[in-house]
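Visitor: Below you'll find query_18.cif; it's mmCIF, C-alpha atoms.
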data_upload
#
loop_
_atom_site.label_atom_id
_atom_site.label_comp_id
_atom_site.auth_asym_id
_atom_site.auth_seq_id
_atom_site.Cartn_x
_atom_site.Cartn_y
_atom_site.Cartn_z
CA MET A 12 27.16 31.11 4.56
CA TRP A 13 23.98 29.22 3.71
CA ALA A 14 23.73 25.44 3.41
CA ALA A 15 21.09 23.55 1.48
CA SER A 16 19.26 20.74 3.22
CA PRO A 17 16.42 18.50 2.02
CA ALA A 18 13.00 19.30 3.43
CA GLY A 19 11.09 16.27 2.19
CA LEU A 20 11.06 12.99 0.36
CA ARG A 21 8.63 11.83 -2.30
CA ILE A 22 7.88 8.16 -2.86
CA GLU A 23 5.70 6.90 -5.71
CA ILE A 24 4.06 3.51 -5.26
CA GLN A 25 2.33 1.46 -7.95
CA LEU A 26 -0.25 -0.84 -6.42
CA ARG A 27 -0.54 -4.29 -7.92
CA GLY A 28 -3.91 -5.96 -7.68
CA LYS A 29 -4.41 -9.57 -6.63
CA VAL A 30 -7.34 -11.37 -8.27
CA HIS A 31 -9.60 -13.40 -5.97
CA LYS A 32 -12.07 -15.88 -7.43
CA LYS A 33 -15.62 -16.53 -6.28
CA GLY A 34 -15.67 -18.83 -3.24
CA ASP A 35 -12.04 -18.16 -2.25
CA LEU A 36 -11.14 -17.15 1.28
CA SER A 37 -10.05 -13.56 0.72
CA PRO A 38 -9.85 -10.05 2.17
CA PRO A 39 -11.39 -8.12 3.74
CA ASP A 40 -11.78 -9.92 7.06
CA ALA A 41 -10.87 -13.34 5.63
CA SER A 42 -14.36 -13.87 4.24
CA TYR A 43 -15.49 -16.03 1.33
CA SER A 44 -16.09 -13.92 -1.77
CA SER A 45 -19.43 -14.07 -3.56
CA GLU A 46 -17.93 -12.87 -6.88
CA ASP A 47 -14.56 -12.46 -8.60
CA PHE A 48 -12.74 -9.25 -7.69
CA THR A 49 -9.33 -7.59 -7.67
CA TRP A 50 -7.97 -6.49 -4.30
CA HIS A 51 -5.50 -3.60 -4.08
CA GLU A 52 -3.72 -3.02 -0.80
CA GLY A 53 -1.26 -0.31 0.20
CA GLY A 54 0.63 0.39 3.36
CA LEU A 55 2.08 3.35 5.14
CA ILE A 56 5.78 3.71 5.85
CA GLU A 57 6.92 6.13 8.52
CA TRP A 58 10.38 7.01 9.72
CA ARG A 59 12.01 9.75 11.68
CA VAL A 60 15.26 11.47 10.82
CA ASN A 61 17.23 13.28 13.48
CA PRO A 62 19.14 16.28 12.12
#
Kindly return the structure encoded in the file as structure tokens.
Guide:
Amino acid sequence: MWAASPAGLRIEIQLRGKVHKKGDLSPPDASYSSEDFTWHEGGLIEWRVNP
């Protein structure tokens, strides 16, 4: 008899931008921005599943 088991997982992520104004302390490297910009940041999630 055969049993079905999942082989993967798909996650969709929508990034949301954060607006930084000229002269604000902002990413990257906590520097002061010379112009307005929108910063998008994403992360990586890892986990292990033992069968």
Visitor: Near region 50-62 of chain A, within 7 Å and counting only C-alpha atoms, which residues show up once chain neighbours fewer than 4 positions away are dropped, as number ranges by chain?
Guide: A: 26-30
Visitor: Please, what distance in Å, to one decimal, runs between CA of Gly34 (chain A) and CA of Phe48 (chain A)?
Guide: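 Result for CA of Gly34 (chain A) versus CA of Phe48 (chain A): 11.0 Å, one decimal.
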Visitor: Go ahead and compute the interatomic distance for CA of Asp35 (chain A) and CA of Asp47 (chain A), in Å to one decimal.
Guide: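 Between CA of Asp35 (chain A) and CA of Asp47 (chain A) the gap is 8.9 Å.
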Visitor: Expressed in Å to a single decimal, how great is the separation between CA of Pro38 (chain A) and CA of Glu23 (chain A)?
Guide: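 One can read the CA of Pro38 (chain A) to CA of Glu23 (chain A) distance as 24.3 Å.
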Visitor: Can you sort out the box for region 28-33 of chain A, edges along x, y and z, all listed atoms in, 3 Å on every side, with centre and edge lengths in Å to one decimal, as AutoDock Vina command-line options?
Guide:
--center_x -9.8 --center_y -11.2 --center_z -7.1 --size_x 17.7 --size_y 16.6 --size_z 8.3
Visitor: List as a list of chain:residue names the residues having at least one atom at most 7 Å from position (-13.2, -16.4, -0.7) as given in the file, counting only C-alpha atoms.
Guide: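 With a cut-off of 7 Å, the residues come to A:Lys32, A:Lys33, A:Gly34, A:Asp35, A:Leu36, A:Ser37, A:Ser42, A:Tyr43, A:Ser44.
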Visitor: Since the input is missing atoms for region 13-46 of chain A, could you rebuild it with N, CA and C atoms and give the result as a PDB file, in the coordinates of the input?
Guide:
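So result_6.pdb came out as:
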ATOM      1  N   TRP A  13      25.207  30.012   3.688  1.00  0.00           N
ATOM      2  CA  TRP A  13      23.980  29.220   3.710  1.00  0.00           C
ATOM      3  C   TRP A  13      24.273  27.800   3.236  1.00  0.00           C
ATOM      4  N   ALA A  14      23.601  26.843   3.828  1.00  0.00           N
ATOM      5  CA  ALA A  14      23.730  25.440   3.410  1.00  0.00           C
ATOM      6  C   ALA A  14      22.366  24.928   2.983  1.00  0.00           C
ATOM      7  N   ALA A  15      22.345  24.148   1.956  1.00  0.00           N
ATOM      8  CA  ALA A  15      21.090  23.550   1.480  1.00  0.00           C
ATOM      9  C   ALA A  15      20.848  22.235   2.212  1.00  0.00           C
ATOM     10  N   SER A  16      19.604  22.016   2.587  1.00  0.00           N
ATOM     11  CA  SER A  16      19.260  20.740   3.220  1.00  0.00           C
ATOM     12  C   SER A  16      17.896  20.295   2.697  1.00  0.00           C
ATOM     13  N   PRO A  17      17.704  18.986   2.530  1.00  0.00           N
ATOM     14  CA  PRO A  17      16.420  18.500   2.020  1.00  0.00           C
ATOM     15  C   PRO A  17      15.311  18.707   3.047  1.00  0.00           C
ATOM     16  N   ALA A  18      14.142  19.072   2.550  1.00  0.00           N
ATOM     17  CA  ALA A  18      13.000  19.300   3.430  1.00  0.00           C
ATOM     18  C   ALA A  18      11.947  18.206   3.315  1.00  0.00           C
ATOM     19  N   GLY A  19      12.099  17.311   2.354  1.00  0.00           N
ATOM     20  CA  GLY A  19      11.090  16.270   2.190  1.00  0.00           C
ATOM     21  C   GLY A  19      11.572  15.164   1.276  1.00  0.00           C
ATOM     22  N   LEU A  20      10.768  14.152   1.186  1.00  0.00           N
ATOM     23  CA  LEU A  20      11.060  12.990   0.360  1.00  0.00           C
ATOM     24  C   LEU A  20       9.766  12.552  -0.302  1.00  0.00           C
ATOM     25  N   ARG A  21       9.815  12.276  -1.580  1.00  0.00           N
ATOM     26  CA  ARG A  21       8.630  11.830  -2.300  1.00  0.00           C
ATOM     27  C   ARG A  21       8.827  10.390  -2.741  1.00  0.00           C
ATOM     28  N   ILE A  22       7.844   9.569  -2.472  1.00  0.00           N
ATOM     29  CA  ILE A  22       7.880   8.160  -2.860  1.00  0.00           C
ATOM     30  C   ILE A  22       6.636   7.892  -3.705  1.00  0.00           C
ATOM     31  N   GLU A  23       6.828   7.305  -4.872  1.00  0.00           N
ATOM     32  CA  GLU A  23       5.700   6.900  -5.710  1.00  0.00           C
ATOM     33  C   GLU A  23       5.559   5.388  -5.630  1.00  0.00           C
ATOM     34  N   ILE A  24       4.338   4.940  -5.422  1.00  0.00           N
ATOM     35  CA  ILE A  24       4.060   3.510  -5.260  1.00  0.00           C
ATOM     36  C   ILE A  24       3.027   3.098  -6.306  1.00  0.00           C
ATOM     37  N   GLN A  25       3.306   2.031  -7.024  1.00  0.00           N
ATOM     38  CA  GLN A  25       2.330   1.460  -7.950  1.00  0.00           C
ATOM     39  C   GLN A  25       1.731   0.231  -7.288  1.00  0.00           C
ATOM     40  N   LEU A  26       0.428   0.299  -7.038  1.00  0.00           N
ATOM     41  CA  LEU A  26      -0.250  -0.840  -6.420  1.00  0.00           C
ATOM     42  C   LEU A  26      -0.465  -1.927  -7.459  1.00  0.00           C
ATOM     43  N   ARG A  27      -0.323  -3.150  -7.044  1.00  0.00           N
ATOM     44  CA  ARG A  27      -0.540  -4.290  -7.920  1.00  0.00           C
ATOM     45  C   ARG A  27      -1.709  -5.089  -7.340  1.00  0.00           C
ATOM     46  N   GLY A  28      -2.709  -5.263  -8.143  1.00  0.00           N
ATOM     47  CA  GLY A  28      -3.910  -5.960  -7.680  1.00  0.00           C
ATOM     48  C   GLY A  28      -3.729  -7.478  -7.657  1.00  0.00           C
ATOM     49  N   LYS A  29      -4.387  -8.112  -6.703  1.00  0.00           N
ATOM     50  CA  LYS A  29      -4.410  -9.570  -6.630  1.00  0.00           C
ATOM     51  C   LYS A  29      -5.839 -10.021  -6.895  1.00  0.00           C
ATOM     52  N   VAL A  30      -6.014 -10.896  -7.877  1.00  0.00           N
ATOM     53  CA  VAL A  30      -7.340 -11.370  -8.270  1.00  0.00           C
ATOM     54  C   VAL A  30      -7.784 -12.487  -7.335  1.00  0.00           C
ATOM     55  N   HIS A  31      -8.999 -12.370  -6.809  1.00  0.00           N
ATOM     56  CA  HIS A  31      -9.600 -13.400  -5.970  1.00  0.00           C
ATOM     57  C   HIS A  31     -10.834 -13.935  -6.697  1.00  0.00           C
ATOM     58  N   LYS A  32     -10.961 -15.227  -6.730  1.00  0.00           N
ATOM     59  CA  LYS A  32     -12.070 -15.880  -7.430  1.00  0.00           C
ATOM     60  C   LYS A  32     -13.234 -16.136  -6.469  1.00  0.00           C
ATOM     61  N   LYS A  33     -14.401 -16.250  -7.039  1.00  0.00           N
ATOM     62  CA  LYS A  33     -15.620 -16.530  -6.280  1.00  0.00           C
ATOM     63  C   LYS A  33     -15.417 -17.781  -5.428  1.00  0.00           C
ATOM     64  N   GLY A  34     -15.770 -17.689  -4.147  1.00  0.00           N
ATOM     65  CA  GLY A  34     -15.670 -18.830  -3.240  1.00  0.00           C
ATOM     66  C   GLY A  34     -14.324 -18.943  -2.531  1.00  0.00           C
ATOM     67  N   ASP A  35     -13.339 -18.134  -2.928  1.00  0.00           N
ATOM     68  CA  ASP A  35     -12.040 -18.160  -2.250  1.00  0.00           C
ATOM     69  C   ASP A  35     -12.120 -17.439  -0.913  1.00  0.00           C
ATOM     70  N   LEU A  36     -11.302 -17.866   0.025  1.00  0.00           N
ATOM     71  CA  LEU A  36     -11.140 -17.150   1.280  1.00  0.00           C
ATOM     72  C   LEU A  36     -10.252 -15.947   0.968  1.00  0.00           C
ATOM     73  N   SER A  37     -10.753 -14.747   1.198  1.00  0.00           N
ATOM     74  CA  SER A  37     -10.050 -13.560   0.720  1.00  0.00           C
ATOM     75  C   SER A  37     -10.325 -12.354   1.624  1.00  0.00           C
ATOM     76  N   PRO A  38      -9.578 -11.271   1.406  1.00  0.00           N
ATOM     77  CA  PRO A  38      -9.850 -10.050   2.170  1.00  0.00           C
ATOM     78  C   PRO A  38     -11.149  -9.421   1.693  1.00  0.00           C
ATOM     79  N   PRO A  39     -11.759  -8.529   2.378  1.00  0.00           N
ATOM     80  CA  PRO A  39     -11.390  -8.120   3.740  1.00  0.00           C
ATOM     81  C   PRO A  39     -11.927  -9.104   4.771  1.00  0.00           C
ATOM     82  N   ASP A  40     -11.333  -9.123   5.908  1.00  0.00           N
ATOM     83  CA  ASP A  40     -11.780  -9.920   7.060  1.00  0.00           C
ATOM     84  C   ASP A  40     -11.801 -11.425   6.816  1.00  0.00           C
ATOM     85  N   ALA A  41     -10.976 -11.907   5.902  1.00  0.00           N
ATOM     86  CA  ALA A  41     -10.870 -13.340   5.630  1.00  0.00           C
ATOM     87  C   ALA A  41     -12.232 -13.987   5.393  1.00  0.00           C
ATOM     88  N   SER A  42     -13.023 -13.353   4.554  1.00  0.00           N
ATOM     89  CA  SER A  42     -14.360 -13.870   4.240  1.00  0.00           C
ATOM     90  C   SER A  42     -14.347 -14.558   2.874  1.00  0.00           C
ATOM     91  N   TYR A  43     -15.364 -15.362   2.623  1.00  0.00           N
ATOM     92  CA  TYR A  43     -15.490 -16.030   1.330  1.00  0.00           C
ATOM     93  C   TYR A  43     -16.166 -15.080   0.350  1.00  0.00           C
ATOM     94  N   SER A  44     -15.558 -14.894  -0.813  1.00  0.00           N
ATOM     95  CA  SER A  44     -16.090 -13.920  -1.770  1.00  0.00           C
ATOM     96  C   SER A  44     -17.274 -14.503  -2.550  1.00  0.00           C
ATOM     97  N   SER A  45     -18.245 -13.643  -2.818  1.00  0.00           N
ATOM     98  CA  SER A  45     -19.430 -14.070  -3.560  1.00  0.00           C
ATOM     99  C   SER A  45     -19.284 -13.820  -5.060  1.00  0.00           C
ATOM    100  N   GLU A  46     -18.205 -13.140  -5.459  1.00  0.00           N
ATOM    101  CA  GLU A  46     -17.930 -12.870  -6.880  1.00  0.00           C
ATOM    102  C   GLU A  46     -16.433 -12.654  -7.067  1.00  0.00           C
TER     103      GLU A  46
END
